[in-house]
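Note: the block below is final-v5.txt and it holds compact mmCIF, C-alpha atoms.
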# COMPACT_ATOMS: atom_id res chain seq x y z
CA MET A 1 80.21 158.12 158.24
CA GLN A 2 79.61 157.18 161.86
CA PRO A 3 77.46 154.18 162.82
CA ALA A 4 74.11 155.01 164.41
CA TYR A 5 70.67 153.63 165.05
CA PHE A 6 67.75 155.13 163.15
CA GLY A 7 64.27 155.78 164.50
CA ILE A 8 61.14 156.61 162.50
CA GLU A 9 57.90 157.90 164.02
CA ILE A 10 54.94 157.77 161.63
CA GLY A 11 51.93 159.55 163.12
CA GLY A 12 48.71 161.00 161.83
CA THR A 13 50.00 164.57 161.96
CA LYS A 14 53.78 164.37 162.20
CA LEU A 15 56.67 162.36 160.83
CA GLN A 16 60.04 162.21 162.59
CA LEU A 17 63.27 160.49 161.61
CA VAL A 18 66.22 160.46 164.00
CA ALA A 19 69.72 159.08 164.26
CA GLY A 20 70.90 158.11 167.73
CA ASP A 21 73.58 156.36 169.74
CA ASP A 22 73.68 153.31 172.04
CA THR A 23 72.14 155.26 174.92
CA GLY A 24 69.09 156.38 172.93
CA ARG A 25 70.41 159.94 172.65
CA VAL A 26 69.15 161.74 169.53
CA LEU A 27 72.07 162.94 167.40
CA GLU A 28 70.14 164.29 164.43
CA ARG A 29 66.45 164.86 163.78
CA LEU A 30 64.31 165.49 160.71
CA ARG A 31 60.71 166.51 161.44
CA TYR A 32 57.84 166.97 158.97
CA THR A 33 54.14 167.71 159.06
CA VAL A 34 52.09 164.90 157.53
CA GLU A 35 50.02 165.99 154.54
CA ARG A 36 47.07 163.62 154.65
CA ARG A 37 45.89 164.42 151.16
CA HIS A 38 48.97 162.65 149.75
CA GLY A 39 48.14 159.46 151.66
CA ALA A 40 50.59 156.73 152.65
CA ALA A 41 52.43 156.98 149.32
CA GLY A 42 53.30 160.61 150.02
CA ILE A 43 54.61 159.72 153.48
CA ARG A 44 56.76 156.93 152.06
CA GLN A 45 58.27 159.32 149.51
CA ARG A 46 59.14 161.71 152.33
CA ILE A 47 60.69 158.89 154.36
CA GLU A 48 62.80 157.79 151.39
CA ARG A 49 64.21 161.28 150.93
CA ALA A 50 64.82 161.69 154.65
CA LEU A 51 66.64 158.36 154.89
CA VAL A 52 68.96 159.49 152.11
CA GLU A 53 69.62 162.71 153.98
CA LEU A 54 70.33 161.00 157.30
CA SER A 55 72.58 158.46 155.60
CA ARG A 56 74.91 161.23 154.41
CA SER A 57 76.22 161.51 157.97
CA TRP A 58 75.28 158.22 159.62
CA GLU A 59 75.56 154.55 158.73
CA PRO A 60 72.44 152.77 160.05
CA LEU A 61 73.02 149.67 162.17
CA ALA A 62 69.31 148.96 162.65
CA VAL A 63 66.03 150.86 162.40
CA GLY A 64 63.12 151.10 164.82
CA VAL A 65 59.75 152.26 163.47
CA GLY A 66 56.82 153.47 165.58
CA PHE A 67 53.62 153.43 163.52
CA GLY A 68 50.40 155.19 164.51
CA GLY A 69 48.12 152.19 164.17
CA PRO A 70 47.92 148.41 164.60
CA VAL A 71 50.88 146.44 163.25
CA ASP A 72 52.13 142.87 163.35
CA TRP A 73 55.35 143.47 165.26
CA ARG A 74 56.66 140.01 164.33
CA THR A 75 56.61 140.68 160.59
CA GLY A 76 56.53 144.48 160.36
CA ARG A 77 53.28 144.47 158.41
CA VAL A 78 50.79 147.29 158.98
CA ALA A 79 47.29 146.07 159.80
CA CYS A 80 45.55 149.36 159.08
CA SER A 81 45.68 153.09 159.69
CA HIS A 82 42.80 155.04 161.19
CA HIS A 83 44.36 158.34 160.06
CA ILE A 84 45.94 157.97 156.62
CA ALA A 85 44.71 155.95 153.65
CA GLY A 86 46.98 153.50 151.87
CA TRP A 87 48.70 151.71 154.76
CA SER A 88 46.51 148.63 155.20
CA ASP A 89 48.46 145.35 154.78
CA PHE A 90 51.61 147.24 153.80
CA GLU A 91 54.89 145.41 154.54
CA LEU A 92 56.50 148.38 156.28
CA GLY A 93 59.40 146.51 157.87
CA GLU A 94 60.38 144.91 154.58
CA TRP A 95 60.09 148.26 152.78
CA VAL A 96 62.32 150.11 155.28
CA GLY A 97 64.82 147.24 155.29
CA ALA A 98 65.16 147.38 151.51
CA ARG A 99 66.03 151.10 151.73
CA THR A 100 68.51 150.88 154.59
CA ASP A 101 69.98 147.41 154.08
CA CYS A 102 69.77 146.68 157.80
CA LEU A 103 67.59 145.09 160.47
CA VAL A 104 64.21 146.72 161.17
CA ARG A 105 61.82 146.51 164.13
CA VAL A 106 58.29 147.86 163.62
CA ASP A 107 55.80 148.36 166.43
CA ASN A 108 52.81 150.45 167.40
CA ASP A 109 53.83 154.00 168.34
CA ALA A 110 52.36 153.69 171.86
CA ASN A 111 54.50 150.61 172.48
CA MET A 112 57.57 152.46 171.24
CA GLY A 113 56.65 155.39 173.48
CA ALA A 114 56.36 153.00 176.42
CA LEU A 115 59.81 151.61 175.68
CA GLY A 116 61.31 155.09 175.39
CA GLU A 117 59.90 156.31 178.70
CA ALA A 118 60.68 153.04 180.49
CA MET A 119 64.31 152.89 179.42
CA ARG A 120 65.32 156.53 178.97
CA GLY A 121 62.54 158.64 180.46
CA ALA A 122 60.27 158.85 183.49
CA GLY A 123 60.27 155.09 184.07
CA GLN A 124 64.04 154.61 184.17
CA GLY A 125 65.08 152.13 186.85
CA ALA A 126 61.53 150.83 187.41
CA ASN A 127 60.03 147.47 186.43
CA PRO A 128 57.38 146.93 185.13
CA VAL A 129 56.48 150.28 183.58
CA CYS A 130 53.04 151.12 182.16
CA TYR A 131 52.76 154.02 179.73
CA VAL A 132 49.49 155.75 178.87
CA THR A 133 49.21 158.33 176.12
CA LEU A 134 46.25 160.69 176.36
CA GLY A 135 45.86 162.27 172.96
CA SER A 136 43.11 162.31 170.34
CA GLY A 137 42.65 158.72 171.50
CA VAL A 138 44.05 156.76 174.43
CA GLY A 139 46.87 154.31 173.87
CA GLY A 140 49.34 152.52 176.05
CA GLY A 141 52.13 150.05 176.43
CA LEU A 142 53.67 147.82 179.05
CA VAL A 143 57.40 147.26 179.41
CA VAL A 144 58.60 144.31 181.49
CA ALA A 145 62.31 143.78 182.18
CA GLY A 146 63.19 146.27 179.46
CA ARG A 147 61.07 144.67 176.73
CA ILE A 148 57.67 145.53 175.28
CA PHE A 149 55.00 143.11 176.49
CA HIS A 150 52.77 141.95 173.64
CA GLY A 151 50.93 138.87 174.84
CA ALA A 152 49.40 136.32 172.50
CA ARG A 153 48.64 137.51 168.98
CA PRO A 154 47.14 139.99 168.40
CA GLY A 155 47.48 141.09 172.02
CA GLU A 156 48.59 144.57 172.98
CA ALA A 157 48.23 146.75 176.07
CA GLU A 158 45.14 148.49 174.71
CA ILE A 159 44.26 150.47 177.82
CA GLY A 160 42.03 152.81 175.83
CA HIS A 161 39.61 149.93 175.27
CA LEU A 162 39.33 148.92 178.93
CA ARG A 163 35.65 148.92 179.93
CA LEU A 164 34.55 151.16 182.78
CA ASP A 165 31.09 149.58 182.98
CA ARG A 166 28.93 146.89 181.39
CA ASP A 167 27.39 149.31 178.90
CA GLY A 168 30.55 149.67 176.84
CA THR A 169 31.98 152.88 178.29
CA THR A 170 35.73 152.78 177.72
CA VAL A 171 38.70 154.71 179.03
CA GLU A 172 39.06 156.30 175.60
CA SER A 173 35.42 157.39 175.50
CA ARG A 174 35.92 159.25 178.79
CA CYS A 175 39.55 160.38 178.87
CA SER A 176 40.70 161.04 175.28
CA GLY A 177 41.11 164.52 173.89
CA TRP A 178 37.90 164.26 171.86
CA ALA A 179 36.02 162.97 174.92
CA VAL A 180 37.20 165.90 177.04
CA ASP A 181 36.24 168.28 174.22
CA ALA A 182 32.74 166.76 174.25
CA ARG A 183 32.46 167.13 178.04
CA ILE A 184 33.32 170.81 177.79
CA ARG A 185 30.81 171.36 174.99
CA ARG A 186 28.13 169.76 177.15
CA LEU A 187 29.00 172.10 180.01
CA LYS A 188 28.46 175.06 177.72
CA ALA A 189 25.21 173.64 176.31
CA GLU A 190 23.92 173.24 179.86
CA GLY A 191 24.61 176.92 180.48
CA SER A 192 27.32 176.33 183.06
CA PRO A 193 28.63 179.73 184.22
CA SER A 194 32.40 179.29 183.94
CA LEU A 195 35.50 180.82 182.45
CA LEU A 196 36.15 177.54 180.63
CA CYS A 197 32.87 177.83 178.72
CA GLU A 198 33.62 181.47 177.89
CA LEU A 199 37.04 180.58 176.50
CA ILE A 200 35.98 177.88 174.06
CA GLY A 201 33.92 180.10 171.77
CA ASP A 202 31.29 178.79 169.36
CA THR A 203 33.41 176.76 166.91
CA PRO A 204 33.62 173.07 167.91
CA GLY A 205 37.02 171.44 168.33
CA GLY A 206 40.05 171.83 170.58
CA GLU A 207 38.08 172.73 173.70
CA ALA A 208 40.53 170.86 175.95
CA LEU A 209 43.26 173.32 174.95
CA HIS A 210 41.58 175.91 177.18
CA LEU A 211 41.63 173.77 180.31
CA ASP A 212 45.11 174.87 181.33
CA ARG A 213 44.23 178.55 181.53
CA ALA A 214 40.90 177.85 183.25
CA LEU A 215 42.66 175.74 185.89
CA ARG A 216 45.33 178.39 186.45
CA GLU A 217 42.60 180.95 187.01
CA ASN A 218 40.91 178.58 189.47
CA ASP A 219 37.73 178.05 187.45
CA LEU A 220 35.57 175.67 189.49
CA ALA A 221 33.96 174.00 186.46
CA ALA A 222 37.40 173.25 185.05
CA TRP A 223 38.56 171.71 188.32
CA ARG A 224 35.42 169.57 188.56
CA LEU A 225 35.93 168.33 185.01
CA LEU A 226 39.60 167.55 185.69
CA LYS A 227 38.61 165.50 188.75
CA GLU A 228 36.02 163.55 186.70
CA VAL A 229 38.55 162.73 183.97
CA ALA A 230 41.22 161.82 186.52
CA THR A 231 38.83 159.55 188.42
CA ASP A 232 37.78 157.73 185.25
CA LEU A 233 41.41 157.25 184.26
CA ALA A 234 42.34 156.08 187.76
CA PHE A 235 39.55 153.48 187.65
CA GLY A 236 40.97 152.14 184.38
CA LEU A 237 44.49 152.14 185.81
CA SER A 238 43.31 150.16 188.84
CA HIS A 239 42.73 147.18 186.50
CA VAL A 240 46.27 147.57 185.17
CA THR A 241 47.52 147.73 188.75
CA HIS A 242 45.74 144.57 189.86
CA LEU A 243 46.81 142.59 186.79
CA PHE A 244 50.41 143.73 186.21
CA HIS A 245 51.48 145.64 189.34
CA PRO A 246 53.59 148.24 187.53
CA GLU A 247 56.15 150.01 189.66
CA VAL A 248 55.60 153.22 187.70
CA ILE A 249 52.78 154.46 185.47
CA VAL A 250 53.85 157.17 183.04
CA LEU A 251 51.27 159.59 181.66
CA GLY A 252 52.02 161.11 178.26
CA GLY A 253 50.25 162.65 175.27
CA GLY A 254 48.74 166.05 174.58
CA LEU A 255 46.36 166.09 177.55
CA THR A 256 49.29 165.78 179.95
CA LEU A 257 50.40 169.28 178.96
CA LEU A 258 48.11 170.14 181.88
CA GLY A 259 51.03 168.90 183.93
CA GLU A 260 51.04 168.39 187.66
CA PRO A 261 47.32 169.12 188.27
CA LEU A 262 46.37 166.12 186.10
CA ARG A 263 49.05 163.81 187.52
CA ALA A 264 48.17 164.74 191.10
CA ALA A 265 44.44 164.25 190.51
CA VAL A 266 44.95 160.75 189.08
CA ALA A 267 47.37 159.85 191.90
CA GLU A 268 44.84 161.02 194.47
CA ALA A 269 41.98 159.04 192.92
CA LEU A 270 43.80 155.74 192.24
CA PRO A 271 44.16 154.36 195.82
CA ALA A 272 40.38 154.25 196.30
CA PHE A 273 40.15 151.64 193.51
CA VAL A 274 43.12 149.50 194.57
CA MET A 275 42.89 146.65 197.07
CA GLU A 276 44.49 147.27 200.43
CA ILE A 277 47.43 144.90 200.05
CA PHE A 278 48.63 146.84 196.97
CA GLN A 279 48.49 150.24 198.64
CA PRO A 280 49.74 152.84 197.98
CA GLY A 281 49.89 151.53 194.42
CA PRO A 282 52.27 152.45 191.59
CA ARG A 283 54.00 155.79 191.37
CA LEU A 284 52.53 158.10 188.75
CA ARG A 285 54.85 160.28 186.71
CA LEU A 286 54.52 162.61 183.76
CA ALA A 287 56.37 161.61 180.60
CA ALA A 288 59.88 163.07 180.57
CA LEU A 289 60.89 162.86 176.90
CA GLY A 290 58.25 165.09 175.32
CA GLU A 291 58.34 164.89 171.54
CA ASP A 292 61.21 162.39 171.77
CA THR A 293 59.14 159.71 173.56
CA VAL A 294 58.43 157.63 170.43
CA PRO A 295 61.71 158.31 168.54
CA VAL A 296 63.79 157.34 171.58
CA GLY A 297 61.75 154.17 171.96
CA CYS A 298 62.46 153.42 168.31
CA LEU A 299 66.20 153.87 168.92
CA VAL A 300 66.09 151.52 171.92
CA ALA A 301 64.14 148.94 169.90
CA ALA A 302 66.62 149.21 167.02
CA ARG A 303 69.52 148.60 169.39
CA GLN A 304 67.72 145.62 170.93
CA ARG A 305 67.14 144.13 167.48
CA PHE A 306 70.77 144.70 166.47
CA THR A 307 72.11 143.22 169.71
CA SER A 308 69.83 140.18 169.63
CA GLU A 309 71.02 139.30 166.11
CA ARG A 310 74.64 139.33 167.27
CA GLU A 311 74.10 137.11 170.33
Mind turning the file's structure into C-alpha cells?
Amino acid sequence: MQPAYFGIEIGGTKLQLVAGDDTGRVLERLRYTVERRHGAAGIRQRIERALVELSRSWEPLAVGVGFGGPVDWRTGRVACSHHIAGWSDFELGEWVGARTDCLVRVDNDANMGALGEAMRGAGQGANPVCYVTLGSGVGGGLVVAGRIFHGARPGEAEIGHLRLDRDGTTVESRCSGWAVDARIRRLKAEGSPSLLCELIGDTPGGEALHLDRALRENDLAAWRLLKEVATDLAFGLSHVTHLFHPEVIVLGGGLTLLGEPLRAAVAEALPAFVMEIFQPGPRLRLAALGEDTVPVGCLVAARQRFTSERE
C-alpha cells in the first residue's frame, strides 16, 4: 500500500471520500448520495465501508473531514446538523481516528472549501483569501497565510449572517439559492412578463436553475435580478474587504454555475461600497476546483495536521 492523505466531505446531499498526495491531488474518489432517511448512523456506516475500501490501496497518514454544519474544530466534535438528524454532539474526529488509526482534523465544510481554493484553486498565490459559497445557504471561510482563520471560540467567517441593514436582512436571506428562488417566484406573482417566469412553471422549488438560460437569451427581468443579487452580495463583501483586505475573493457554490455574468456583476458593484484608499478592491474569481473544492481542502488540512505533529 502507498501512503496517502484521506479527505471526507459530509454534506446534506452528498458524501465524498478521497485519497490524495502531498500536493492535494486526488488519487482516488468514492462518491455517494446521502440518504437522509437513514440519518447520521446510515452515513457513518457508509463512511466505515468506504474507509475499508480506500485502505485496500492506500495507507492513511492523516484525515481531513469537512462537515456540513457547525463543529468544534479544536476537538472534532459536531455541534449540530441542520440537514441530517443524529449528528448533534457527536465526537466525529475521535470516531474517524478510531477507524483509521491516524491523526484527524475536522472543520466546517465551507472552511475546508476555503482552504482548498486558497491553496490549490482560484486563490493560489494570494493572501489573504476569502471564499464564499452560494448554495442553499451562504457560507464562507477566510484563509490567512495558508491557514484557516477561526477567531475566538466559537468564531467563524460566517459571511451568510452579515447584516445588510438594521432590520435583520442578511446576506443569506438575499443571496442564497432559496432566496433567489423566492425572488423569482415574486416576479411571477407580480405578473412580470419575462422568459424567466415562463420557464419556472407552477411547482415551487429550483427556480434559480432557470436563470442561466434566461440570461443567455437576454431576458431583461433575469438581468435585473442578477444585478440585485450581485449588488447585495457586493455590499456584504465590502465589510469583508474593510475588515480583512483579502487579496482575492473566490465565489463558489451552486449559484456560481451562472459563471462569468455573476462574477462580473459582483466585481462591478463592489467598488461603490469600498472606501477610496482600498480601490479597486480585491480581485474576484470563480472557484476553480468544482466538486473537489471541499475534498482538496480536507487533503490540505490533513497534510497540515500530519506535518505539524512531526515538527
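Residues lying within 10 Å of A:Ala41, counting all atoms listed in the file and ignoring same-chain neighbours fewer than 5 positions away, are Arg46, Ile47, Ile84, Ala85, Gly86 and Trp87 of chain A.
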Counting only C-alpha atoms, which residue out of A:Leu195, A:Leu251, A:Ala272, A:Ile200 sits closest to A:Thr133?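 Of A:Leu195, A:Leu251, A:Ala272, A:Ile200, the one nearest A:Thr133, counting only C-alpha atoms, is A:Leu251.
Nearest residue to A:Leu115, choosing from A:Ala234, A:Gln304, A:Gly12, A:Ala221 and counting only C-alpha atoms: A:Gln304.
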Got a sec: who's within 9 Å of A:Gly160, counting all atoms listed in the file, leaving out chain neighbours fewer than 3 positions off, as an mmCIF file with C-alpha atoms, in the coordinates of the input?
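Result went into selection-v5.cif, see below:
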data_model
loop_
_atom_site.group_PDB
_atom_site.id
_atom_site.type_symbol
_atom_site.label_atom_id
_atom_site.label_comp_id
_atom_site.auth_asym_id
_atom_site.auth_seq_id
_atom_site.Cartn_x
_atom_site.Cartn_y
_atom_site.Cartn_z
ATOM 1 C CA VAL A 132 49.490 155.750 178.870
ATOM 2 C CA LEU A 134 46.250 160.690 176.360
ATOM 3 C CA GLY A 137 42.650 158.720 171.500
ATOM 4 C CA VAL A 138 44.050 156.760 174.430
ATOM 5 C CA GLY A 139 46.870 154.310 173.870
ATOM 6 C CA GLY A 140 49.340 152.520 176.050
ATOM 7 C CA ALA A 157 48.230 146.750 176.070
ATOM 8 C CA ARG A 163 35.650 148.920 179.930
ATOM 9 C CA THR A 170 35.730 152.780 177.720
ATOM 10 C CA VAL A 171 38.700 154.710 179.030
ATOM 11 C CA GLU A 172 39.060 156.300 175.600
ATOM 12 C CA SER A 173 35.420 157.390 175.500
ATOM 13 C CA CYS A 175 39.550 160.380 178.870
ATOM 14 C CA SER A 176 40.700 161.040 175.280
ATOM 15 C CA GLY A 236 40.970 152.140 184.380
#
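With only C-alpha atoms as the atoms that count, the minimum distance from A:Val104 to the choices A:Val144, A:Gly7, A:Glu59, A:Thr23 is reached by A:Gly7.
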Give me the residues within 12 Å of A:Asn108 as a ChimeraX atom specification, counting only C-alpha atoms and dropping any in the same chain fewer than 3 places off. /A:8-11,64-74,76-81,92,105,111-115,139-142,148-150,154-158,294-295,297-298,301
Taking C-alpha atoms for each residue, export the selection above as a CSV table (one decimal), in the coordinates of the input.
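Saved result, part07.csv, follows:
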chain,number,residue,atom,x,y,z
A,8,ILE,CA,61.1,156.6,162.5
A,9,GLU,CA,57.9,157.9,164.0
A,10,ILE,CA,54.9,157.8,161.6
A,11,GLY,CA,51.9,159.6,163.1
A,64,GLY,CA,63.1,151.1,164.8
A,65,VAL,CA,59.8,152.3,163.5
A,66,GLY,CA,56.8,153.5,165.6
A,67,PHE,CA,53.6,153.4,163.5
A,68,GLY,CA,50.4,155.2,164.5
A,69,GLY,CA,48.1,152.2,164.2
A,70,PRO,CA,47.9,148.4,164.6
A,71,VAL,CA,50.9,146.4,163.2
A,72,ASP,CA,52.1,142.9,163.4
A,73,TRP,CA,55.4,143.5,165.3
A,74,ARG,CA,56.7,140.0,164.3
A,76,GLY,CA,56.5,144.5,160.4
A,77,ARG,CA,53.3,144.5,158.4
A,78,VAL,CA,50.8,147.3,159.0
A,79,ALA,CA,47.3,146.1,159.8
A,80,CYS,CA,45.6,149.4,159.1
A,81,SER,CA,45.7,153.1,159.7
A,92,LEU,CA,56.5,148.4,156.3
A,105,ARG,CA,61.8,146.5,164.1
A,111,ASN,CA,54.5,150.6,172.5
A,112,MET,CA,57.6,152.5,171.2
A,113,GLY,CA,56.6,155.4,173.5
A,114,ALA,CA,56.4,153.0,176.4
A,115,LEU,CA,59.8,151.6,175.7
A,139,GLY,CA,46.9,154.3,173.9
A,140,GLY,CA,49.3,152.5,176.0
A,141,GLY,CA,52.1,150.0,176.4
A,142,LEU,CA,53.7,147.8,179.0
A,148,ILE,CA,57.7,145.5,175.3
A,149,PHE,CA,55.0,143.1,176.5
A,150,HIS,CA,52.8,142.0,173.6
A,154,PRO,CA,47.1,140.0,168.4
A,155,GLY,CA,47.5,141.1,172.0
A,156,GLU,CA,48.6,144.6,173.0
A,157,ALA,CA,48.2,146.8,176.1
A,158,GLU,CA,45.1,148.5,174.7
A,294,VAL,CA,58.4,157.6,170.4
A,295,PRO,CA,61.7,158.3,168.5
A,297,GLY,CA,61.8,154.2,172.0
A,298,CYS,CA,62.5,153.4,168.3
A,301,ALA,CA,64.1,148.9,169.9
Within 10 Å of A:His239, counting all atoms listed in the file, which residues show up once you throw out same-chain ones fewer than 4 positions away? Write them as a CSV table (one decimal) with C-alpha atoms, in the coordinates of the input, please.
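Saved the output as result22.csv:
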chain,number,residue,atom,x,y,z
A,159,ILE,CA,44.3,150.5,177.8
A,162,LEU,CA,39.3,148.9,178.9
A,163,ARG,CA,35.6,148.9,179.9
A,164,LEU,CA,34.6,151.2,182.8
A,234,ALA,CA,42.3,156.1,187.8
A,235,PHE,CA,39.6,153.5,187.6
A,243,LEU,CA,46.8,142.6,186.8
A,244,PHE,CA,50.4,143.7,186.2
A,245,HIS,CA,51.5,145.6,189.3
A,273,PHE,CA,40.2,151.6,193.5
A,274,VAL,CA,43.1,149.5,194.6
Mind pulling up the distance from atom CA of A:Leu211 to atom CA of A:Thr169?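 The value is 23.1 Å.
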Can you rebuild stretch 260-275 of chain A with N, CA and C atoms and give it as an mmCIF file, keeping the file's coordinate frame?
data_model
loop_
_atom_site.group_PDB
_atom_site.id
_atom_site.type_symbol
_atom_site.label_atom_id
_atom_site.label_comp_id
_atom_site.auth_asym_id
_atom_site.auth_seq_id
_atom_site.Cartn_x
_atom_site.Cartn_y
_atom_site.Cartn_z
ATOM 1 N N GLU A 260 51.198 168.903 186.311
ATOM 2 C CA GLU A 260 51.040 168.390 187.660
ATOM 3 C C GLU A 260 49.587 168.307 188.140
ATOM 4 N N PRO A 261 48.708 169.261 187.809
ATOM 5 C CA PRO A 261 47.320 169.120 188.270
ATOM 6 C C PRO A 261 46.677 167.801 187.821
ATOM 7 N N LEU A 262 46.927 167.379 186.579
ATOM 8 C CA LEU A 262 46.370 166.120 186.100
ATOM 9 C C LEU A 262 47.024 164.942 186.810
ATOM 10 N N ARG A 263 48.348 164.923 186.863
ATOM 11 C CA ARG A 263 49.050 163.810 187.520
ATOM 12 C C ARG A 263 48.598 163.657 188.976
ATOM 13 N N ALA A 264 48.541 164.772 189.685
ATOM 14 C CA ALA A 264 48.170 164.740 191.100
ATOM 15 C C ALA A 264 46.733 164.254 191.288
ATOM 16 N N ALA A 265 45.839 164.659 190.400
ATOM 17 C CA ALA A 265 44.440 164.250 190.510
ATOM 18 C C ALA A 265 44.278 162.751 190.292
ATOM 19 N N VAL A 266 45.014 162.192 189.317
ATOM 20 C CA VAL A 266 44.950 160.750 189.080
ATOM 21 C C VAL A 266 45.569 159.997 190.259
ATOM 22 N N ALA A 267 46.712 160.493 190.762
ATOM 23 C CA ALA A 267 47.370 159.850 191.900
ATOM 24 C C ALA A 267 46.484 159.869 193.143
ATOM 25 N N GLU A 268 45.732 160.928 193.311
ATOM 26 C CA GLU A 268 44.840 161.020 194.470
ATOM 27 C C GLU A 268 43.659 160.057 194.342
ATOM 28 N N ALA A 269 43.159 159.869 193.116
ATOM 29 C CA ALA A 269 41.980 159.040 192.920
ATOM 30 C C ALA A 269 42.288 157.542 192.905
ATOM 31 N N LEU A 270 43.478 157.155 192.462
ATOM 32 C CA LEU A 270 43.800 155.740 192.240
ATOM 33 C C LEU A 270 43.680 154.866 193.495
ATOM 34 N N PRO A 271 44.192 155.265 194.657
ATOM 35 C CA PRO A 271 44.160 154.360 195.820
ATOM 36 C C PRO A 271 42.759 153.872 196.191
ATOM 37 N N ALA A 272 41.736 154.647 195.938
ATOM 38 C CA ALA A 272 40.380 154.250 196.300
ATOM 39 C C ALA A 272 39.905 153.027 195.503
ATOM 40 N N PHE A 273 40.546 152.755 194.364
ATOM 41 C CA PHE A 273 40.150 151.640 193.510
ATOM 42 C C PHE A 273 41.088 150.437 193.620
ATOM 43 N N VAL A 274 42.099 150.537 194.474
ATOM 44 C CA VAL A 274 43.120 149.500 194.570
ATOM 45 C C VAL A 274 42.996 148.755 195.894
ATOM 46 N N MET A 275 43.053 147.440 195.850
ATOM 47 C CA MET A 275 42.890 146.650 197.070
ATOM 48 C C MET A 275 43.982 146.982 198.081
#
